[in-house]
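> If it helps, the file is called input-v7.cif and holds mmCIF, C-alpha atoms:
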data_upload
loop_
_atom_site.group_PDB
_atom_site.id
_atom_site.type_symbol
_atom_site.label_atom_id
_atom_site.label_comp_id
_atom_site.auth_asym_id
_atom_site.auth_seq_id
_atom_site.Cartn_x
_atom_site.Cartn_y
_atom_site.Cartn_z
ATOM 1 C CA MET A 65 0.727 -14.671 22.986
ATOM 2 C CA LEU A 66 -1.916 -13.643 20.451
ATOM 3 C CA ILE A 67 -1.353 -12.017 17.044
ATOM 4 C CA SER A 68 -4.256 -10.079 15.542
ATOM 5 C CA ILE A 69 -4.287 -9.772 11.745
ATOM 6 C CA ILE A 70 -6.417 -6.865 10.535
ATOM 7 C CA ILE A 71 -7.655 -6.689 6.931
ATOM 8 C CA PRO A 72 -9.673 -3.775 5.491
ATOM 9 C CA HIS A 73 -11.995 -4.929 2.707
ATOM 10 C CA LEU A 74 -13.988 -3.229 -0.053
ATOM 11 C CA ASN A 75 -15.492 -5.191 -2.949
ATOM 12 C CA GLN A 76 -12.584 -7.640 -3.246
ATOM 13 C CA GLU A 77 -14.079 -10.929 -2.100
ATOM 14 C CA ASP A 78 -12.224 -13.093 -4.629
ATOM 15 C CA HIS A 79 -8.891 -11.601 -3.566
ATOM 16 C CA LEU A 80 -9.896 -11.879 0.087
ATOM 17 C CA ARG A 81 -10.588 -15.589 -0.321
ATOM 18 C CA VAL A 82 -7.104 -16.173 -1.746
ATOM 19 C CA GLY A 83 -5.582 -14.020 0.985
ATOM 20 C CA LEU A 84 -7.326 -15.895 3.780
ATOM 21 C CA GLU A 85 -6.214 -19.205 2.303
ATOM 22 C CA ALA A 86 -2.616 -17.941 2.348
ATOM 23 C CA LEU A 87 -2.946 -16.803 5.970
ATOM 24 C CA HIS A 88 -4.180 -20.256 6.947
ATOM 25 C CA ALA A 89 -1.158 -21.825 5.244
ATOM 26 C CA GLN A 90 1.443 -19.941 7.298
ATOM 27 C CA ARG A 91 4.407 -21.931 8.584
ATOM 28 C CA GLY A 92 6.501 -21.728 11.740
ATOM 29 C CA VAL A 93 4.149 -19.585 13.876
ATOM 30 C CA THR A 94 3.989 -20.485 17.571
ATOM 31 C CA SER A 95 1.549 -17.782 18.741
ATOM 32 C CA ASP A 96 -2.226 -17.977 18.619
ATOM 33 C CA VAL A 97 -3.752 -16.008 15.747
ATOM 34 C CA GLU A 98 -7.021 -14.178 15.188
ATOM 35 C CA ILE A 99 -8.033 -12.636 11.852
ATOM 36 C CA ILE A 100 -10.295 -9.589 11.700
ATOM 37 C CA VAL A 101 -11.786 -8.527 8.348
ATOM 38 C CA VAL A 102 -13.321 -5.055 8.400
ATOM 39 C CA ASP A 103 -15.691 -4.387 5.514
ATOM 40 C CA ASN A 104 -15.749 -0.754 4.419
ATOM 41 C CA GLY A 105 -19.013 -0.523 2.502
ATOM 42 C CA SER A 106 -18.924 -3.372 -0.025
ATOM 43 C CA ALA A 107 -21.880 -3.967 -2.305
ATOM 44 C CA ARG A 108 -22.033 -7.413 -0.695
ATOM 45 C CA LEU A 109 -20.587 -8.426 2.645
ATOM 46 C CA PRO A 110 -17.959 -11.205 2.377
ATOM 47 C CA ASP A 111 -19.701 -13.162 5.133
ATOM 48 C CA LYS A 112 -19.669 -16.479 3.271
ATOM 49 C CA THR A 113 -15.925 -16.213 2.632
ATOM 50 C CA CYS A 114 -15.122 -15.224 6.209
ATOM 51 C CA SER A 115 -17.363 -17.859 7.812
ATOM 52 C CA ALA A 116 -15.348 -20.635 6.151
ATOM 53 C CA TRP A 117 -12.788 -20.294 8.982
ATOM 54 C CA PRO A 118 -13.653 -20.231 12.696
ATOM 55 C CA ASP A 119 -10.841 -17.810 13.554
ATOM 56 C CA VAL A 120 -12.013 -15.087 11.135
ATOM 57 C CA GLN A 121 -14.198 -12.295 12.489
ATOM 58 C CA LEU A 122 -16.101 -9.995 10.106
ATOM 59 C CA LEU A 123 -16.808 -6.397 11.166
ATOM 60 C CA SER A 124 -18.119 -3.324 9.352
ATOM 61 C CA GLU A 125 -16.956 0.291 9.314
ATOM 62 C CA GLU A 126 -19.115 2.981 7.709
ATOM 63 C CA ILE A 127 -16.480 5.743 7.611
ATOM 64 C CA PRO A 128 -14.842 5.383 4.185
ATOM 65 C CA GLY A 129 -11.170 4.579 3.882
ATOM 66 C CA PRO A 130 -8.769 1.792 4.870
ATOM 67 C CA GLY A 131 -7.489 3.879 7.799
ATOM 68 C CA PRO A 132 -10.862 4.002 9.598
ATOM 69 C CA ALA A 133 -11.365 0.311 8.768
ATOM 70 C CA ARG A 134 -8.050 -0.557 10.409
ATOM 71 C CA ASN A 135 -8.983 1.552 13.422
ATOM 72 C CA ARG A 136 -12.196 -0.451 13.785
ATOM 73 C CA GLY A 137 -10.207 -3.673 13.698
ATOM 74 C CA ILE A 138 -7.755 -2.369 16.286
ATOM 75 C CA ARG A 139 -10.594 -1.582 18.693
ATOM 76 C CA GLU A 140 -11.817 -5.183 18.504
ATOM 77 C CA ALA A 141 -8.419 -6.893 18.376
ATOM 78 C CA ARG A 142 -7.175 -8.757 21.443
ATOM 79 C CA GLY A 143 -3.593 -9.398 20.366
ATOM 80 C CA ARG A 144 -0.405 -7.864 21.700
ATOM 81 C CA ILE A 145 0.878 -7.862 18.118
ATOM 82 C CA LEU A 146 -1.182 -6.162 15.406
ATOM 83 C CA ALA A 147 -0.380 -7.205 11.824
ATOM 84 C CA PHE A 148 -1.882 -5.367 8.842
ATOM 85 C CA ILE A 149 -2.335 -6.738 5.341
ATOM 86 C CA ASP A 150 -4.658 -5.682 2.523
ATOM 87 C CA ALA A 151 -7.552 -7.747 1.204
ATOM 88 C CA ASP A 152 -5.976 -8.085 -2.241
ATOM 89 C CA CYS A 153 -2.584 -9.192 -0.901
ATOM 90 C CA ARG A 154 -1.328 -12.760 -0.550
ATOM 91 C CA ALA A 155 1.085 -13.434 2.304
ATOM 92 C CA ASP A 156 4.180 -15.513 1.671
ATOM 93 C CA PRO A 157 4.106 -18.713 3.801
ATOM 94 C CA GLY A 158 6.772 -17.253 6.110
ATOM 95 C CA TRP A 159 5.150 -13.828 6.515
ATOM 96 C CA LEU A 160 3.602 -14.288 9.940
ATOM 97 C CA SER A 161 6.621 -16.163 11.298
ATOM 98 C CA ALA A 162 8.797 -13.200 10.288
ATOM 99 C CA VAL A 163 6.371 -10.848 12.082
ATOM 100 C CA GLU A 164 6.414 -12.983 15.226
ATOM 101 C CA THR A 165 10.200 -13.328 15.292
ATOM 102 C CA ALA A 166 10.853 -9.617 14.796
ATOM 103 C CA LEU A 167 8.319 -8.364 17.336
ATOM 104 C CA THR A 168 9.253 -10.771 20.119
ATOM 105 C CA ASP A 169 12.981 -9.988 20.178
ATOM 106 C CA GLY A 170 12.472 -7.404 22.914
ATOM 107 C CA THR A 171 13.958 -4.510 20.926
ATOM 108 C CA THR A 172 11.629 -3.974 17.947
ATOM 109 C CA THR A 173 8.252 -2.238 18.046
ATOM 110 C CA ILE A 174 7.193 -1.463 14.450
ATOM 111 C CA ILE A 175 8.128 -3.370 11.292
ATOM 112 C CA GLY A 176 7.369 -3.339 7.596
ATOM 113 C CA GLY A 177 8.244 -5.865 4.935
ATOM 114 C CA ASP A 178 8.769 -6.473 1.251
ATOM 115 C CA VAL A 179 5.833 -5.952 -1.135
ATOM 116 C CA ARG A 180 6.177 -7.706 -4.471
ATOM 117 C CA VAL A 181 3.913 -7.809 -7.502
ATOM 118 C CA GLY A 182 2.317 -11.195 -8.072
ATOM 119 C CA TYR A 183 2.075 -11.835 -11.825
ATOM 120 C CA GLU A 184 -1.269 -13.305 -12.849
ATOM 121 C CA HIS A 185 0.404 -15.287 -15.651
ATOM 122 C CA PRO A 186 4.195 -15.219 -15.110
ATOM 123 C CA SER A 187 4.982 -16.278 -18.677
ATOM 124 C CA ARG A 188 2.725 -13.548 -20.140
ATOM 125 C CA PRO A 189 3.289 -10.300 -18.222
ATOM 126 C CA THR A 190 0.833 -7.474 -18.783
ATOM 127 C CA PHE A 191 1.888 -3.959 -19.793
ATOM 128 C CA LEU A 192 1.734 -2.818 -16.156
ATOM 129 C CA GLU A 193 3.187 -5.768 -14.234
ATOM 130 C CA PRO A 194 6.930 -5.235 -14.941
ATOM 131 C CA TYR A 195 6.668 -1.488 -14.229
ATOM 132 C CA GLU A 196 4.802 -2.088 -10.982
ATOM 133 C CA SER A 197 7.309 -4.765 -9.985
ATOM 134 C CA ILE A 198 10.101 -2.181 -10.116
ATOM 135 C CA TYR A 199 8.403 1.018 -9.028
ATOM 136 C CA SER A 200 5.078 0.652 -7.261
ATOM 137 C CA TYR A 201 5.806 -1.016 -3.915
ATOM 138 C CA ARG A 202 9.356 -0.107 -2.889
ATOM 139 C CA ASN A 203 8.645 -0.493 0.768
ATOM 140 C CA SER A 204 12.287 -0.608 1.854
ATOM 141 C CA GLU A 205 12.648 2.943 0.498
ATOM 142 C CA HIS A 206 9.452 4.059 2.207
ATOM 143 C CA ILE A 207 10.749 2.705 5.507
ATOM 144 C CA ALA A 208 14.039 4.532 5.015
ATOM 145 C CA GLU A 209 11.952 7.712 4.793
ATOM 146 C CA GLY A 210 10.160 6.859 8.036
ATOM 147 C CA PHE A 211 6.970 4.990 7.123
ATOM 148 C CA SER A 212 5.755 1.658 5.805
ATOM 149 C CA GLY A 213 2.949 0.880 3.411
ATOM 150 C CA THR A 214 0.048 -0.227 5.573
ATOM 151 C CA GLY A 215 -0.576 -3.313 3.451
ATOM 152 C CA ASN A 216 2.485 -4.916 5.057
ATOM 153 C CA LEU A 217 2.915 -3.442 8.501
ATOM 154 C CA ALA A 218 3.022 -4.890 12.011
ATOM 155 C CA THR A 219 3.417 -3.308 15.407
ATOM 156 C CA LEU A 220 3.006 -3.853 19.083
ATOM 157 C CA ARG A 221 -0.300 -2.588 20.434
ATOM 158 C CA SER A 222 1.601 -0.307 22.809
ATOM 159 C CA ALA A 223 2.910 1.718 19.850
ATOM 160 C CA VAL A 224 -0.591 2.261 18.449
ATOM 161 C CA ALA A 225 -1.729 3.465 21.864
ATOM 162 C CA LYS A 226 1.029 6.087 21.803
ATOM 163 C CA VAL A 227 0.989 7.083 18.121
ATOM 164 C CA GLY A 228 -2.785 7.139 17.768
ATOM 165 C CA PRO A 229 -5.228 5.936 15.085
ATOM 166 C CA PHE A 230 -4.799 5.911 11.329
ATOM 167 C CA ALA A 231 -6.042 8.951 9.427
ATOM 168 C CA GLY A 232 -8.892 9.039 6.937
ATOM 169 C CA ILE A 233 -8.849 9.286 3.164
ATOM 170 C CA GLU A 234 -7.991 12.980 3.097
ATOM 171 C CA VAL A 235 -4.285 12.209 3.572
ATOM 172 C CA ALA A 236 -1.801 9.475 2.656
ATOM 173 C CA GLU A 237 -2.545 7.534 5.839
ATOM 174 C CA ASP A 238 0.489 5.259 5.674
ATOM 175 C CA ARG A 239 2.919 8.163 5.468
ATOM 176 C CA ASP A 240 0.970 10.103 8.100
ATOM 177 C CA TRP A 241 0.964 7.276 10.659
ATOM 178 C CA GLY A 242 4.592 6.366 10.059
ATOM 179 C CA LEU A 243 5.842 9.921 10.420
ATOM 180 C CA ARG A 244 3.805 10.371 13.593
ATOM 181 C CA ALA A 245 5.380 7.174 14.912
ATOM 182 C CA ARG A 246 8.851 8.526 14.132
ATOM 183 C CA ALA A 247 7.983 11.807 15.861
ATOM 184 C CA ALA A 248 6.916 9.760 18.893
ATOM 185 C CA GLY A 249 10.374 8.189 19.034
ATOM 186 C CA TYR A 250 9.803 4.917 17.163
ATOM 187 C CA ALA A 251 11.977 3.575 14.351
ATOM 188 C CA ILE A 252 10.331 1.331 11.750
ATOM 189 C CA ARG A 253 12.513 -1.676 10.963
ATOM 190 C CA TYR A 254 12.532 -3.264 7.514
ATOM 191 C CA VAL A 255 12.177 -7.070 7.627
ATOM 192 C CA PRO A 256 12.915 -8.517 4.151
ATOM 193 C CA GLU A 257 11.567 -11.973 5.094
ATOM 194 C CA MET A 258 8.147 -10.390 5.737
ATOM 195 C CA ILE A 259 6.844 -10.744 2.166
ATOM 196 C CA VAL A 260 3.426 -10.121 0.649
ATOM 197 C CA PHE A 261 2.405 -10.316 -2.995
ATOM 198 C CA HIS A 262 0.182 -7.610 -4.452
ATOM 199 C CA PRO A 263 -1.577 -7.866 -7.821
ATOM 200 C CA ALA A 264 -0.680 -5.276 -10.421
ATOM 201 C CA ARG A 265 -3.364 -2.929 -11.612
ATOM 202 C CA LYS A 266 -5.422 -4.130 -14.536
ATOM 203 C CA THR A 267 -5.560 -0.895 -16.505
ATOM 204 C CA PHE A 268 -3.510 2.238 -17.048
ATOM 205 C CA ALA A 269 -6.505 4.251 -15.813
ATOM 206 C CA GLU A 270 -6.145 2.619 -12.392
ATOM 207 C CA LEU A 271 -2.492 3.674 -12.296
ATOM 208 C CA ARG A 272 -3.473 7.215 -13.222
ATOM 209 C CA ARG A 273 -6.021 7.327 -10.392
ATOM 210 C CA LYS A 274 -3.330 6.265 -7.932
ATOM 211 C CA TRP A 275 -1.084 9.115 -9.015
ATOM 212 C CA ASP A 276 -3.954 11.602 -9.017
ATOM 213 C CA ARG A 277 -4.326 10.982 -5.289
ATOM 214 C CA HIS A 278 -0.597 11.235 -4.579
ATOM 215 C CA ILE A 279 -0.252 14.404 -6.665
ATOM 216 C CA ALA A 280 -3.134 16.027 -4.806
ATOM 217 C CA HIS A 281 -1.683 15.061 -1.417
ATOM 218 C CA ASP A 282 1.762 16.384 -2.386
ATOM 219 C CA TYR A 283 0.288 19.638 -3.695
ATOM 220 C CA GLU A 284 -1.545 20.291 -0.439
ATOM 221 C CA ARG A 285 1.638 19.512 1.502
ATOM 222 C CA ILE A 286 4.031 21.628 -0.618
ATOM 223 C CA ARG A 287 1.792 24.570 -1.572
ATOM 224 C CA PRO A 288 1.867 26.363 1.824
ATOM 225 C CA GLN A 289 5.667 26.204 1.992
ATOM 226 C CA ARG A 290 7.947 29.051 0.923
ATOM 227 C CA LEU A 291 8.019 29.173 -2.900
ATOM 228 C CA GLY A 292 5.728 26.153 -2.797
ATOM 229 C CA ALA A 293 4.159 26.715 -6.214
ATOM 230 C CA LEU A 294 7.550 27.175 -7.866
ATOM 231 C CA ARG A 295 8.933 24.065 -6.166
ATOM 232 C CA PHE A 296 5.902 22.047 -7.259
ATOM 233 C CA LEU A 297 6.340 23.219 -10.860
ATOM 234 C CA ALA A 298 10.043 22.323 -10.801
ATOM 235 C CA ARG A 299 9.143 18.891 -9.478
ATOM 236 C CA ALA A 300 6.621 18.415 -12.295
ATOM 237 C CA ILE A 301 9.234 19.237 -14.937
ATOM 238 C CA ALA A 302 11.798 16.942 -13.302
ATOM 239 C CA ILE A 303 9.349 14.031 -13.159
ATOM 240 C CA ALA A 304 8.359 14.398 -16.820
ATOM 241 C CA GLY A 305 12.022 14.194 -17.831
ATOM 242 C CA SER A 306 13.087 11.556 -15.315
ATOM 243 C CA PRO A 307 12.791 8.427 -17.514
ATOM 244 C CA LEU A 308 16.101 9.434 -19.106
ATOM 245 C CA PHE A 309 17.791 8.829 -15.774
ATOM 246 C CA GLU A 310 15.949 5.592 -14.960
ATOM 247 C CA LEU A 311 17.358 3.423 -17.740
ATOM 248 C CA LYS A 312 20.001 1.871 -15.462
ATOM 249 C CA THR A 313 17.354 0.965 -12.875
ATOM 250 C CA VAL A 314 15.126 -0.699 -15.468
ATOM 251 C CA LEU A 315 18.033 -2.648 -17.001
ATOM 252 C CA SER A 316 19.481 -3.843 -13.690
ATOM 253 C CA SER A 317 16.471 -4.370 -11.416
ATOM 254 C CA PRO A 318 16.292 -7.930 -10.022
ATOM 255 C CA ARG A 319 12.501 -7.622 -9.790
ATOM 256 C CA VAL A 320 12.055 -8.242 -13.538
ATOM 257 C CA SER A 321 13.774 -10.600 -15.926
ATOM 258 C CA GLY A 322 14.435 -10.725 -19.651
ATOM 259 C CA PRO A 323 14.475 -7.979 -22.298
ATOM 260 C CA TYR A 324 10.706 -8.138 -22.949
ATOM 261 C CA GLN A 325 9.786 -7.343 -19.347
ATOM 262 C CA ARG A 326 12.354 -4.553 -19.210
ATOM 263 C CA ILE A 327 11.043 -2.969 -22.421
ATOM 264 C CA LEU A 328 7.484 -3.078 -21.064
ATOM 265 C CA ALA A 329 8.655 -1.511 -17.799
ATOM 266 C CA LEU A 330 10.435 1.309 -19.638
ATOM 267 C CA LEU A 331 7.478 2.091 -21.911
ATOM 268 C CA CYS A 332 5.068 2.171 -18.990
ATOM 269 C CA LEU A 333 7.500 4.312 -16.989
ATOM 270 C CA ILE A 334 7.685 6.903 -19.788
ATOM 271 C CA ALA A 335 3.900 6.994 -20.129
ATOM 272 C CA ILE A 336 3.156 7.449 -16.423
ATOM 273 C CA ARG A 337 5.931 9.990 -15.785
ATOM 274 C CA LEU A 338 4.699 12.163 -18.673
ATOM 275 C CA TYR A 339 1.161 11.872 -17.311
ATOM 276 C CA ARG A 340 2.296 12.810 -13.803
ATOM 277 C CA GLY A 341 4.179 15.880 -14.996
ATOM 278 C CA GLY A 342 1.211 17.142 -16.987
ATOM 279 C CA ARG A 343 -1.231 16.379 -14.206
ATOM 280 C CA MET A 344 0.910 18.239 -11.665
ATOM 281 C CA VAL A 345 0.927 21.330 -13.867
ATOM 282 C CA GLY A 346 -2.852 21.051 -14.199
ATOM 283 C CA VAL A 347 -3.362 20.815 -10.437
ATOM 284 C CA LEU A 348 -1.047 23.795 -9.937
ATOM 285 C CA LEU A 349 -2.965 25.940 -12.436
ATOM 286 C CA ARG A 350 -6.393 24.976 -11.094
ATOM 287 C CA GLY A 351 -5.469 24.796 -7.409
ATOM 288 C CA ASP A 352 -7.843 21.861 -6.860
ATOM 289 C CA GLY A 353 -5.572 19.531 -4.914
ATOM 290 C CA ARG A 354 -7.815 19.448 -1.850
ATOM 291 C CA LYS A 355 -10.845 18.513 -3.943
ATOM 292 C CA ILE A 356 -9.011 15.630 -5.607
ATOM 293 C CA SER A 357 -7.470 14.348 -2.376
ATOM 294 C CA GLY A 358 -10.905 14.210 -0.744
ATOM 295 C CA GLU A 359 -12.556 12.226 -3.523
ATOM 296 C CA TRP A 360 -13.465 8.631 -2.771
ATOM 297 C CA ASN A 361 -15.124 6.443 -5.388
ATOM 298 C CA ARG A 362 -17.139 3.926 -3.410
ATOM 299 C CA THR A 363 -17.350 1.631 -6.455
ATOM 300 C CA GLN A 364 -13.580 1.061 -6.415
ATOM 301 C CA PRO A 365 -11.815 -1.311 -4.007
ATOM 302 C CA ALA A 366 -9.490 0.125 -1.411
ATOM 303 C CA ARG A 367 -5.858 -0.650 -2.211
ATOM 304 C CA GLN A 368 -2.565 -0.360 -0.487
ATOM 305 C CA GLU A 369 -1.246 2.965 -1.734
ATOM 306 C CA PRO A 370 1.971 3.884 0.021
ATOM 307 C CA ALA A 371 3.064 7.433 -0.577
ATOM 308 C CA ALA A 372 5.476 7.768 -3.474
ATOM 309 C CA VAL A 373 9.186 8.356 -3.107
ATOM 310 C CA ASP A 374 10.221 8.775 -6.757
#
Would you put the structure from the file into C-alpha cells?

Amino acid sequence: MLISIIIPHLNQEDHLRVGLEALHAQRGVTSDVEIIVVDNGSARLPDKTCSAWPDVQLLSEEIPGPGPARNRGIREARGRILAFIDADCRADPGWLSAVETALTDGTTTIIGGDVRVGYEHPSRPTFLEPYESIYSYRNSEHIAEGFSGTGNLATLRSAVAKVGPFAGIEVAEDRDWGLRARAAGYAIRYVPEMIVFHPARKTFAELRRKWDRHIAHDYERIRPQRLGALRFLARAIAIAGSPLFELKTVLSSPRVSGPYQRILALLCLIAIRLYRGGRMVGVLLRGDGRKISGEWNRTQPARQEPAAVD
C-alpha cells in the first residue's frame, strides 16, 4: 500500500526543510510513502530543499490558497491513503504510523489528530506561545463539531472522490470540507497519537489577521440568517467579556505549565478577545465581511487556520 503525503507551501522553505526531515524520521510505518509538495506562488521555489530526498515531488499551483494547492497534490497522488500536513508543521515520529494504523483497520475513513504548539525556546516562552498552546489548535473540539484542521488530516482517497475537492480562500476550507464529508455520511475520527507541532505566531498582528479572516467568514455565514445582525452583535459582546469565564481553563490546562506561562496566556487571551469583539462590531457596521474574507496577501505564508470554536 502507498501513502501520499501532501504539503501546500508558500514562502516557508526553512519550516519545510524541518518538516521534511521529520517526515523522513518516522517510525513504525510499513507502507510505501510518497511526499508531494505543492508550491502556491512562493517568491522562490523550494526546489533545492525538495530535491534533497528522492521521494519528494515538487509541484506548483497558481490558484491562491492551501485548498487549491491540496487539490493539485491530490490529482498527482498515487496513494490509497492521503495524508495532509502544513509546510510549517513538524510531525511527531509516530504521526504516520498512527495514520496508517487508523486507516487500515477496515472501519475508519477520515481522521484528524492533535495539533500542539512547538515552543521555539521552551524555557523562554513568547507572549503568544502559551495562549496559542491552549486556544489556537484545539483539533479534538473541531472534530467534535464535524471537521478537522487540514494541517493534520488524513483520509482514504475514496472519501475525497465522494466529498469533492477543497474550497478556495473565500471560505474556511477545513470547516467546509469536513462538513461536506459529514453530510456525505462520513464521521471524522480523532486520533490522539496523530500529533503534529505547529509554531506559534511571531507577532500579535499575525494573530489579529487570523481572526480577521474568521470574523469575516462567520459574518457572511450568520448575516443571512433570521436576526443575523442581532445574533452577530450578541456574539461580539459575549466574546469581549468571555475572559472572565476562561480563568479555570487557563489555570488548569495541561498544555501549559507554571504560573508565568499561565499569566502570559491570560493576558494574551484578554487582548485578543477584546480585539475580536471590537472588530466584529466594526464588520457589522461596515458590512464588509465578504471583502475581508476574499483578501489574500501573497507576501504572507499560508498557515493551517482551522475555523474557530470559541
> Quick check, in Å to one decimal: how far apart do atom CA of A:Gly346 and atom CA of A:Arg287 lie?
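Those two atoms sit 13.9 Å apart.
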> What is the distance between atom CA of A:Ala155 and atom CA of A:Met258, in Å to one decimal?
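Computed distance, atom CA of A:Ala155 to atom CA of A:Met258, equals 8.4 Å.
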> Can you work out the spacing between atom CA of A:Gly92 and atom CA of A:Glu140 in Å, to one decimal?
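Computed distance, atom CA of A:Gly92 to atom CA of A:Glu140, equals 25.6 Å.
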> So that I can check the surroundings of A:Val82, please list as a PyMOL selection string every protein, DNA and RNA residue that reaches within 12 Å of it, counting only C-alpha atoms and ignoring chain neighbours fewer than 3 positions away.
chain A and resi 76-79+85-89+113-114+150-156+261-263
> Assuming the chain letters and numbering stay as they are in my file, what does the PyMOL selection byres ((chain A and resi 75) around 7) actually select? List them as a PyMOL selection string.
chain A and resi 73-74+76-77+106-107+365
> So that I have them on file, write out the residues from the current selection with C-alpha atoms, as a short mmCIF file (atom, residue, chain, number, x, y, z; two decimals), keeping the file's coordinate frame.

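Below is the file that was written, part_8.cif:
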data_model
loop_
_atom_site.label_atom_id
_atom_site.label_comp_id
_atom_site.auth_asym_id
_atom_site.auth_seq_id
_atom_site.Cartn_x
_atom_site.Cartn_y
_atom_site.Cartn_z
CA HIS A 73 -12.00 -4.93 2.71
CA LEU A 74 -13.99 -3.23 -0.05
CA GLN A 76 -12.58 -7.64 -3.25
CA GLU A 77 -14.08 -10.93 -2.10
CA SER A 106 -18.92 -3.37 -0.02
CA ALA A 107 -21.88 -3.97 -2.31
CA PRO A 365 -11.82 -1.31 -4.01
#
> Check the smallest atom-to-atom distance from each of A:Pro189, A:Gly232, A:Ala147, A:Met65 to A:Gly322 using all atoms listed in the file, then report the winner.
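The closest residue to A:Gly322 is A:Pro189.
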